[in-house]
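Okay, input-v5.cif now, which holds mmCIF, C-alpha atoms:
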data_structure
#
loop_
_atom_site.label_atom_id
_atom_site.label_comp_id
_atom_site.auth_asym_id
_atom_site.auth_seq_id
_atom_site.Cartn_x
_atom_site.Cartn_y
_atom_site.Cartn_z
CA MET A 1 123.76 49.06 98.93
CA THR A 2 125.96 46.56 100.70
CA ALA A 3 127.41 43.51 98.99
CA ARG A 4 125.10 41.31 101.07
CA ALA A 5 122.03 43.25 99.95
CA ARG A 6 123.03 42.99 96.30
CA LEU A 7 123.43 39.22 96.62
CA VAL A 8 120.03 38.85 98.23
CA GLY A 9 118.44 40.90 95.46
CA LEU A 10 120.13 38.88 92.70
CA ALA A 11 119.05 35.63 94.34
CA ALA A 12 115.43 36.77 94.51
CA ALA A 13 115.46 37.82 90.89
CA SER A 14 116.91 34.47 89.85
CA ILE A 15 114.18 32.62 91.70
CA VAL A 16 111.50 34.65 89.94
CA LEU A 17 113.16 34.09 86.54
CA LEU A 18 113.57 30.39 87.11
CA ALA A 19 110.00 30.11 88.27
CA GLY A 20 108.79 31.85 85.11
CA CYS A 21 110.79 29.50 82.89
CA SER A 22 110.02 26.18 84.57
CA ALA A 23 106.37 26.47 85.59
CA PRO A 24 103.88 24.80 83.16
CA PRO A 25 101.34 27.08 81.48
CA ALA A 26 98.08 27.47 83.25
CA ALA A 27 95.35 25.15 81.94
CA PRO A 28 92.79 27.01 79.85
CA GLY A 29 89.47 27.45 81.54
CA LEU A 30 86.57 25.16 80.36
CA ALA A 31 83.59 27.03 79.01
CA PRO A 32 80.36 26.07 80.73
CA VAL A 33 78.24 23.62 78.72
CA ALA A 34 74.78 24.94 77.97
CA ALA A 35 72.04 22.58 79.08
CA VAL A 36 70.08 21.16 76.11
CA ALA A 37 66.44 20.60 76.93
CA SER A 38 64.86 17.44 75.54
CA PRO A 39 61.92 18.16 73.26
CA PRO A 40 58.60 17.46 74.93
CA PRO A 41 57.00 14.15 73.90
CA ASP A 42 54.62 14.34 70.95
CA PRO A 43 51.13 14.28 72.50
CA ARG A 44 49.38 13.29 69.28
CA PRO A 45 49.76 9.49 69.47
CA ALA A 46 48.34 9.42 73.00
CA SER A 47 45.55 11.78 71.95
CA SER A 48 44.74 9.48 69.04
CA ASP A 49 44.61 6.46 71.34
CA ALA A 50 42.31 8.36 73.69
CA LEU A 51 40.05 9.32 70.78
CA LEU A 52 39.61 5.68 69.76
CA GLY A 53 38.81 4.73 73.34
CA SER A 54 36.24 7.50 73.73
CA VAL A 55 34.38 6.70 70.50
CA LEU A 56 34.45 2.88 70.36
CA ASP A 57 33.19 0.11 72.63
CA PRO A 58 35.84 -2.63 72.93
CA ALA A 59 33.10 -5.26 73.32
CA LEU A 60 31.48 -4.46 69.95
CA PRO A 61 32.60 -4.38 66.32
CA GLY A 62 34.80 -1.34 65.95
CA CYS A 63 37.44 0.40 63.89
CA SER A 64 41.11 0.45 63.01
CA ALA A 65 42.88 3.64 61.94
CA ALA A 66 46.27 4.91 60.82
CA VAL A 67 48.07 8.17 60.03
CA ALA A 68 51.07 8.53 57.73
CA VAL A 69 53.23 11.57 56.96
CA HIS A 70 55.37 11.61 53.81
CA GLY A 71 54.72 7.91 53.41
CA GLN A 72 55.92 7.05 56.93
CA LEU A 73 53.56 5.62 59.53
CA VAL A 74 53.31 7.92 62.56
CA TRP A 75 50.39 6.30 64.41
CA ALA A 76 48.04 3.33 64.24
CA GLY A 77 45.44 1.95 66.59
CA ALA A 78 42.40 -0.32 66.78
CA VAL A 79 39.53 -0.84 69.21
CA GLY A 80 36.66 -3.33 68.97
CA VAL A 81 35.91 -6.92 68.06
CA ALA A 82 36.86 -8.47 64.73
CA ASP A 83 34.63 -11.52 65.15
CA LEU A 84 31.87 -11.66 67.77
CA ALA A 85 31.63 -15.44 67.43
CA THR A 86 35.21 -15.99 68.57
CA GLY A 87 35.78 -12.79 70.51
CA ALA A 88 38.89 -12.00 68.46
CA ALA A 89 39.86 -8.38 68.87
CA LEU A 90 40.58 -5.95 66.06
CA THR A 91 44.28 -5.12 65.69
CA THR A 92 46.21 -2.84 63.39
CA GLU A 93 46.97 -5.98 61.31
CA THR A 94 43.29 -6.84 60.77
CA ARG A 95 42.23 -6.51 57.12
CA PHE A 96 39.00 -4.90 55.90
CA ASP A 97 37.09 -4.69 52.63
CA ILE A 98 37.73 -1.07 51.55
CA ALA A 99 34.84 -1.15 49.08
CA SER A 100 34.69 1.97 46.88
CA LEU A 101 38.16 3.13 47.90
CA THR A 102 39.19 0.60 45.25
CA LYS A 103 38.10 3.12 42.60
CA GLN A 104 41.28 5.17 43.03
CA PHE A 105 43.36 2.15 41.99
CA THR A 106 41.17 1.46 38.96
CA ALA A 107 41.34 5.11 37.87
CA THR A 108 45.11 5.23 38.37
CA ALA A 109 45.56 2.09 36.25
CA VAL A 110 43.47 3.63 33.44
CA LEU A 111 45.55 6.82 33.52
CA ILE A 112 48.77 4.80 33.35
CA LEU A 113 47.48 3.02 30.28
CA GLN A 114 46.59 6.37 28.74
CA ARG A 115 50.11 7.68 29.36
CA GLU A 116 51.50 4.57 27.69
CA GLY A 117 49.28 5.09 24.64
CA GLY A 118 47.12 2.03 25.25
CA LEU A 119 43.89 4.02 25.34
CA ALA A 120 42.42 7.53 25.35
CA LEU A 121 39.80 8.87 27.71
CA THR A 122 37.91 10.12 24.68
CA ASP A 123 37.39 6.51 23.54
CA THR A 124 33.85 5.18 23.87
CA ILE A 125 33.18 2.22 26.13
CA GLY A 126 31.65 0.31 23.23
CA SER A 127 35.13 0.13 21.70
CA TYR A 128 36.19 -2.17 24.54
CA VAL A 129 33.04 -3.91 25.81
CA SER A 130 30.73 -5.66 23.35
CA GLY A 131 27.01 -6.15 23.69
CA LEU A 132 26.19 -2.77 25.24
CA PRO A 133 23.01 -0.85 24.31
CA ALA A 134 23.19 2.11 21.92
CA TRP A 135 24.68 4.32 24.63
CA GLY A 136 27.89 2.28 24.38
CA LYS A 137 28.71 4.24 21.22
CA THR A 138 28.56 7.63 23.00
CA VAL A 139 29.67 7.15 26.62
CA THR A 140 33.40 7.84 26.94
CA LEU A 141 35.97 6.46 29.35
CA ASP A 142 36.26 9.98 30.77
CA ALA A 143 32.54 9.96 31.58
CA LEU A 144 32.95 6.62 33.34
CA MET A 145 35.92 7.81 35.40
CA HIS A 146 34.16 10.98 36.54
CA HIS A 147 30.66 9.52 37.01
CA THR A 148 29.02 11.63 34.32
CA SER A 149 27.90 8.73 32.12
CA ARG A 150 24.41 8.58 33.69
CA ILE A 151 24.54 4.76 33.47
CA PRO A 152 22.21 3.36 36.18
CA ASP A 153 23.86 1.41 38.97
CA TYR A 154 23.75 -2.33 38.30
CA TRP A 155 22.54 -3.01 41.85
CA ALA A 156 18.98 -2.06 40.92
CA LYS A 157 18.76 -4.50 38.03
CA LEU A 158 20.25 -7.33 40.07
CA GLY A 159 17.66 -6.62 42.74
CA ASP A 160 14.94 -6.89 40.13
CA TRP A 161 16.33 -10.29 39.23
CA GLY A 162 16.22 -11.46 42.84
CA TYR A 163 19.91 -11.18 43.70
CA GLY A 164 20.43 -10.45 47.37
CA PHE A 165 23.70 -9.25 48.90
CA GLU A 166 24.55 -12.81 49.91
CA THR A 167 23.47 -14.38 46.60
CA PRO A 168 26.61 -15.54 44.77
CA ALA A 169 27.24 -13.48 41.63
CA THR A 170 30.18 -12.93 39.31
CA GLN A 171 31.57 -10.02 37.30
CA ALA A 172 29.72 -11.47 34.31
CA ASP A 173 26.45 -11.06 36.23
CA ALA A 174 27.23 -7.40 36.92
CA LEU A 175 28.00 -6.84 33.24
CA ARG A 176 24.80 -8.62 32.25
CA ALA A 177 22.85 -6.26 34.53
CA ILE A 178 24.55 -3.21 33.00
CA LYS A 179 23.87 -4.37 29.46
CA ALA A 180 20.21 -4.93 30.33
CA VAL A 181 19.62 -1.20 30.90
CA PRO A 182 18.56 0.25 27.53
CA THR A 183 18.65 3.96 28.37
CA LEU A 184 20.69 6.33 30.48
CA HIS A 185 19.35 8.39 33.32
CA ALA A 186 18.04 11.76 32.18
CA GLY A 187 20.09 14.89 32.69
CA THR A 188 23.77 15.69 32.58
CA GLY A 189 26.65 16.00 34.99
CA TYR A 190 27.78 14.01 38.00
CA GLU A 191 25.79 10.98 39.14
CA TYR A 192 27.67 8.38 41.15
CA SER A 193 27.30 4.86 39.76
CA ASN A 194 29.34 1.74 40.46
CA SER A 195 28.56 0.53 36.94
CA ASN A 196 31.15 3.02 35.66
CA TYR A 197 34.04 1.34 37.39
CA ILE A 198 32.85 -2.19 36.63
CA LEU A 199 33.17 -1.18 32.98
CA LEU A 200 36.59 0.46 33.49
CA ALA A 201 37.86 -2.83 34.94
CA GLN A 202 36.82 -4.51 31.70
CA VAL A 203 38.72 -1.86 29.72
CA ILE A 204 41.87 -2.61 31.71
CA GLU A 205 41.54 -6.31 30.95
CA ARG A 206 40.90 -5.70 27.27
CA VAL A 207 43.91 -3.37 26.84
CA THR A 208 46.42 -5.35 28.93
CA GLY A 209 45.27 -8.88 28.18
CA GLU A 210 45.61 -9.61 31.91
CA PRO A 211 43.07 -10.15 34.68
CA TYR A 212 42.23 -6.89 36.44
CA ALA A 213 43.58 -8.07 39.81
CA GLN A 214 46.86 -9.21 38.30
CA TYR A 215 47.49 -5.97 36.42
CA VAL A 216 46.67 -3.68 39.35
CA THR A 217 48.70 -5.79 41.77
CA GLU A 218 51.77 -5.93 39.52
CA THR A 219 51.54 -2.30 38.44
CA LEU A 220 50.61 -0.57 41.71
CA PHE A 221 50.84 -2.71 44.81
CA GLU A 222 53.98 -4.77 44.27
CA PRO A 223 56.28 -1.91 43.14
CA LEU A 224 55.32 -0.02 46.31
CA GLY A 225 55.60 -3.05 48.59
CA LEU A 226 51.98 -2.68 49.69
CA GLN A 227 50.08 -5.62 51.16
CA MET A 228 46.78 -5.31 49.32
CA GLN A 229 44.70 -8.13 47.90
CA ILE A 230 41.97 -7.92 45.27
CA ASP A 231 39.47 -10.67 46.03
CA PRO A 232 35.90 -9.40 46.44
CA VAL A 233 34.65 -12.38 48.47
CA LEU A 234 37.81 -12.95 50.52
CA GLN A 235 37.50 -14.67 53.88
CA ALA A 236 40.57 -15.30 56.03
CA PRO A 237 41.50 -15.46 59.74
CA ASP A 238 42.94 -11.94 59.65
CA VAL A 239 39.90 -10.44 57.86
CA ALA A 240 37.28 -8.81 60.08
CA VAL A 241 33.69 -9.98 59.92
CA SER A 242 31.30 -7.21 58.85
CA TYR A 243 28.14 -6.59 60.89
CA ASP A 244 24.84 -4.94 60.06
CA ASP A 245 22.99 -2.45 62.26
CA SER A 246 21.73 -5.31 64.46
CA ASN A 247 25.25 -6.73 64.87
CA ARG A 248 24.40 -9.70 62.68
CA PRO A 249 27.24 -10.88 60.42
CA THR A 250 26.81 -10.02 56.76
CA ARG A 251 29.06 -11.57 54.13
CA ASN A 252 29.30 -10.24 50.59
CA ALA A 253 28.84 -12.90 47.90
CA TRP A 254 29.16 -10.58 44.91
CA ALA A 255 32.51 -11.16 43.25
CA PHE A 256 32.56 -7.83 41.40
CA TYR A 257 35.75 -5.84 40.91
CA GLY A 258 36.88 -2.47 39.63
CA ALA A 259 34.43 -0.57 41.81
CA PHE A 260 35.13 -2.73 44.88
CA GLY A 261 37.07 -5.82 45.85
CA THR A 262 40.26 -4.77 47.68
CA PHE A 263 41.21 -5.94 51.17
CA THR A 264 43.93 -4.29 53.24
CA THR A 265 44.72 -2.54 56.54
CA PRO A 266 44.55 1.18 57.37
CA THR A 267 48.33 1.17 57.66
CA GLN A 268 48.84 0.01 54.09
CA LEU A 269 46.29 2.43 52.66
CA ALA A 270 47.82 5.31 54.63
CA LEU A 271 51.18 4.56 53.04
CA TRP A 272 49.56 4.52 49.59
CA GLY A 273 48.19 8.02 50.23
CA ASP A 274 51.64 9.52 49.77
CA GLN A 275 51.41 8.70 46.06
CA TYR A 276 49.24 11.79 45.70
CA ARG A 277 52.12 13.93 46.98
CA GLU A 278 55.01 12.54 44.99
CA SER A 279 54.73 9.61 42.63
CA THR A 280 55.42 8.30 39.17
CA LEU A 281 52.23 6.24 39.42
CA VAL A 282 49.67 8.86 40.41
CA GLY A 283 50.54 11.71 38.07
CA ASN A 284 49.18 15.23 38.01
CA ASP A 285 46.73 14.09 35.37
CA PHE A 286 44.47 12.61 38.05
CA VAL A 287 42.89 16.08 38.44
CA VAL A 288 42.26 16.60 34.72
CA GLY A 289 38.56 16.66 33.92
CA ALA A 290 37.36 16.74 37.53
CA VAL A 291 33.65 17.56 37.74
CA ASP A 292 31.43 19.22 40.33
CA SER A 293 30.25 16.56 42.78
CA GLY A 294 29.16 18.69 45.74
CA ASP A 295 25.81 19.73 47.15
CA VAL A 296 25.03 23.41 47.75
CA GLY A 297 24.70 24.16 51.44
CA GLU A 298 26.21 20.81 52.46
CA VAL A 299 29.67 19.90 53.71
CA THR A 300 30.39 18.67 50.17
CA GLU A 301 29.80 22.06 48.56
CA GLY A 302 32.71 22.94 46.29
CA ARG A 303 33.82 19.32 46.00
CA VAL A 304 34.86 17.89 42.63
CA TYR A 305 35.34 14.28 41.56
CA ALA A 306 38.72 13.58 40.01
CA ALA A 307 40.15 10.19 39.00
CA GLY A 308 38.60 7.88 41.57
CA ILE A 309 38.79 10.39 44.43
CA ASN A 310 37.10 13.61 45.53
CA ILE A 311 38.90 16.95 45.86
CA ASN A 312 37.31 19.06 48.57
CA ALA A 313 36.97 22.84 48.43
CA ASP A 314 39.97 23.22 50.78
CA GLY A 315 42.15 21.08 48.49
CA SER A 316 42.07 17.94 50.62
CA LEU A 317 41.33 14.57 49.00
CA ARG A 318 38.72 12.13 50.25
CA HIS A 319 36.81 9.01 49.34
CA ASP A 320 34.43 6.91 51.42
CA GLY A 321 33.43 3.31 50.95
CA ARG A 322 30.82 0.85 52.17
CA MET A 323 30.30 -2.84 51.53
CA GLY A 324 27.86 -4.55 53.88
CA GLY A 325 29.00 -3.59 57.38
CA PHE A 326 32.44 -2.50 56.21
CA ILE A 327 32.85 1.28 56.07
CA SER A 328 36.07 3.13 55.29
CA THR A 329 37.50 6.58 54.60
CA ILE A 330 40.77 7.91 53.23
CA LYS A 331 41.49 11.62 53.61
CA ILE A 332 44.66 13.40 52.49
CA SER A 333 45.69 16.90 53.60
CA PRO A 334 45.64 19.83 51.15
CA ASP A 335 49.47 19.88 51.10
CA ARG A 336 49.35 16.09 50.42
CA GLU A 337 51.73 15.47 53.33
CA THR A 338 49.40 13.67 55.75
CA THR A 339 47.04 10.75 55.14
CA VAL A 340 44.32 9.69 57.59
CA VAL A 341 42.58 6.33 57.14
CA VAL A 342 39.75 4.78 59.13
CA MET A 343 38.22 1.34 58.55
CA CYS A 344 35.36 -0.20 60.53
CA ASN A 345 33.51 -3.52 60.49
CA SER A 346 30.13 -2.18 61.57
CA HIS A 347 27.95 0.40 59.85
CA LEU A 348 27.01 1.68 63.33
CA SER A 349 30.60 2.63 64.16
CA ASP A 350 31.11 6.38 64.37
CA ARG A 351 33.55 6.66 61.50
CA SER A 352 32.98 10.39 61.09
CA ALA A 353 33.97 11.15 64.69
CA LEU A 354 37.23 9.27 64.18
CA VAL A 355 38.06 10.85 60.83
CA ASN A 356 37.29 14.35 62.08
CA GLY A 357 39.07 13.85 65.38
CA LEU A 358 42.24 12.44 63.82
CA TRP A 359 42.17 15.23 61.22
CA LYS A 360 42.18 17.85 63.99
CA ILE A 361 44.98 16.09 65.83
CA TRP A 362 47.33 15.42 62.93
CA VAL A 363 46.47 17.94 60.20
CA LYS A 364 45.25 20.93 62.19
CA ASN A 365 47.81 20.07 64.90
CA ASP A 366 45.30 20.25 67.71
CA PRO A 367 46.35 17.46 70.13
CA THR A 368 43.08 17.80 72.01
CA GLY A 369 41.08 16.96 68.89
CA ASP A 370 38.56 19.62 69.94
#
Take the structure in the file and write it out as C-alpha cells.
Amino acid sequence: MTARARLVGLAAASIVLLAGCSAPPAAPGLAPVAAVASPPPDPRPASSDALLGSVLDPALPGCSAAVAVHGQLVWAGAVGVADLATGAALTTETRFDIASLTKQFTATAVLILQREGGLALTDTIGSYVSGLPAWGKTVTLDALMHHTSRIPDYWAKLGDWGYGFETPATQADALRAIKAVPTLHAGTGYEYSNSNYILLAQVIERVTGEPYAQYVTETLFEPLGLQMQIDPVLQAPDVAVSYDDSNRPTRNAWAFYGAFGTFTTPTQLALWGDQYRESTLVGNDFVVGAVDSGDVGEVTEGRVYAAGININADGSLRHDGRMGGFISTIKISPDRETTVVVMCNSHLSDRSALVNGLWKIWVKNDPTGD
C-alpha cells in the first residue's frame, strides 16, 4: 500500500471515530399511546325520566320519585301538578305526607329505647298508657310493633262518633277511640291496625319525657341531616295538595302521630333507606320477631312484617302508605344497596307502574324497564 493510500485510510478511520464520539445518542422511540374509550353514558336516568312521562299526565296531579344507592342520590324526577288551583307543578322539592311510612321511624325509635334499657318489648302497653281496657294488661309492645295485638283500628270508632276525614281531631281523640274498644278482634297473628303505632308513640313520650315529634327528629332526622317534618296537618307552599278519585282536594284534619304524620320528599326518604344497609340507628334487631304478613297465592306470599316495614320473600324491604289522596312507597333491594321511593298526590296515580318500572331499571339493571 502506498503512503498516500495509508493516509487516506487513516483519515477515514478518524472521521468514523470522531463521528462516533461526538454524535448525540439517538432519541428513544415513543411507545404508541393506547386509545382509552369513554364509558357509554348511563341510560338509566333517561329511562327513568321516560317512564315518568309515559305513566303520568303533566296536567293532572302526579308523582315524584327518587333512587339512591349507598345513600347517594342517583336519580330524581317529578311529573304532574302539585296544586290544581294555582297550576303549580310538582318538583323533586315538593313535600308529601308519607302516611304509614312513618311507622318505620316509630319502630326504630322504640328499638333504640330498648337498646338503651328504657323499655322491653315484652312490657305490656298498660304499663305505659293508663285507662286502657283489660287487654292493656296482656298486649305487649312487641305485639303492637308487629301488628299481632288484634286491637281494632281507631278509625272505625271515630266514624261511629261522626268524625269525618276533615273533622279536626287530636291524638287524644285517637286514644279515646282506642280506649273505647272493650275487646280485641278474635283470632291470633298478624292484623294490620294503626292503633298499634298510635300507642307506641305514647310509649316513646312516656319513656323519654319528650314530645314524639321532638324525640324522633332529634334522634333520627337531625343526626342524618334529613329534611323531614312531623306535623300531621301541615300545610305549606311546598307541600302538594292531595286529591281524591274525582280530583277534588282533600285535606287531612286528624292530627294523629306515630302511625302517620311525616312530611318529606322522595329524595330525603331515599337517603334514609340506606340506614337498613349500614347504620347505628337501624340495627339488625329490626328483623327480630317478624311475623307472617303475606297472603297465599298473592304477590305478598312469603312476606313478613318486621319493625315498621315488610320483608318480602326475596329479601327486599317495602312499606306503602296512604293518607287521603297521598300515596307513597319505599322499596329497598335485597342487598340493601338501592332504595326506590315514589310519592303521589292522587290516589288515581299509577304508583305501582312507577315502583315496578324503576325497580327493573335500577335494581334488575334493565334500562328498558320491560
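Taking only C-alpha atoms into account, A:Met145 lies nearest to A:Lys103 out of the set A:Arg322, A:His70, A:Arg277, A:Lys103.
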* **Selection dump of the PyMOL selection byres ((chain A and resi 345) around 12), as a VMD selection string** => chain A and resid 56 60 to 65 78 to 84 89 to 90 94 to 99 239 to 245 247 to 251 265 321 to 328 342 to 344 346 to 351
* To do: Please provide the set of residues having any atom within 7 Å of stretch 175-191 of chain A, restricted to all atoms listed in the file, with same-chain residues fewer than 4 positions apart removed, written as an MDAnalysis selection string.
  => chainID A and resid 131:133 147:148 150:152 154 157:158 171 195 291:293
Picked residues, the PyMOL selection byres ((chain A and resi 355) around 8), expected as a PDB file with C-alpha atoms, in the frame of the given file:
ATOM      1  CA  THR A 329      37.500   6.580  54.600  1.00  0.00           C
ATOM      2  CA  VAL A 340      44.320   9.690  57.590  1.00  0.00           C
ATOM      3  CA  VAL A 341      42.580   6.330  57.140  1.00  0.00           C
ATOM      4  CA  VAL A 342      39.750   4.780  59.130  1.00  0.00           C
ATOM      5  CA  ARG A 351      33.550   6.660  61.500  1.00  0.00           C
ATOM      6  CA  SER A 352      32.980  10.390  61.090  1.00  0.00           C
ATOM      7  CA  ALA A 353      33.970  11.150  64.690  1.00  0.00           C
ATOM      8  CA  LEU A 354      37.230   9.270  64.180  1.00  0.00           C
ATOM      9  CA  ASN A 356      37.290  14.350  62.080  1.00  0.00           C
ATOM     10  CA  GLY A 357      39.070  13.850  65.380  1.00  0.00           C
ATOM     11  CA  LEU A 358      42.240  12.440  63.820  1.00  0.00           C
ATOM     12  CA  TRP A 359      42.170  15.230  61.220  1.00  0.00           C
TER      13      TRP A 359
END
* **Reference answer for the PyMOL selection byres ((chain A and resi 288) around 12), as a VMD selection string** => chain A and resid 107 111 121 142 145 to 146 283 to 287 289 to 291 304 to 308 311
* Which value, in Å to one decimal, gives the distance between atom CA of A:Ile361 and atom CA of A:Ser48? ->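 So the two atoms, atom CA of A:Ile361 and atom CA of A:Ser48, lie 7.4 Å apart.
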* **atom CA of A:Gly273 to atom CA of A:Val233, straight-line distance in Å** =>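 Computing it gives 24.5 Å between the two atoms.
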* To do: Enter the distance from atom CA of A:Pro367 to atom CA of A:Pro40, in Å, rounded to one decimal.
  =>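 According to the coordinates, atom CA of A:Pro367 and atom CA of A:Pro40 are separated by 13.2 Å.
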* To do: Excluding stretch 198-211 of chain A and any residue of its chain fewer than 6 positions from it, enumerate the residues within 6 Å of it, using all atoms listed in the file, and give them as a ChimeraX atom specification.
  => /A:128,258-259
* For A:Glu222, which residue among A:Trp272, A:Gly315, A:Trp254, A:Gln104 is the nearest when counting all atoms listed in the file? -> A:Trp272
* Fewer than 5 positions away in the same chain doesn't count, so skip those; otherwise give me all residues within 7 Å of A:Ala76, counting all atoms listed in the file, as a ChimeraX atom specification. => /A:65-67,92,267
* To do: Have a look at A:Ser47, A:Gln229, A:Gln275, A:Ser127 and name the one nearest to A:Thr338; count only C-alpha atoms.
  => A:Gln275
* Asked: Which of these, A:Leu317, A:Leu101, A:Val363, A:Leu119, has the shortest distance to A:Thr264 once you count all atoms listed in the file?
  ->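 Closest to A:Thr264, using all atoms listed in the file: A:Leu101.
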* Residue nearest A:Gly77 among A:Ala37, A:Pro168, A:Asp335, A:Pro45 (counting only C-alpha atoms) ->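 The answer is A:Pro45, which sits nearest to A:Gly77.
Using all atoms listed in the file, the shortest contact distance between A:Thr86 and any of A:Ala59, A:Val129, A:Ala46, A:Ile112 is found at A:Ala59.
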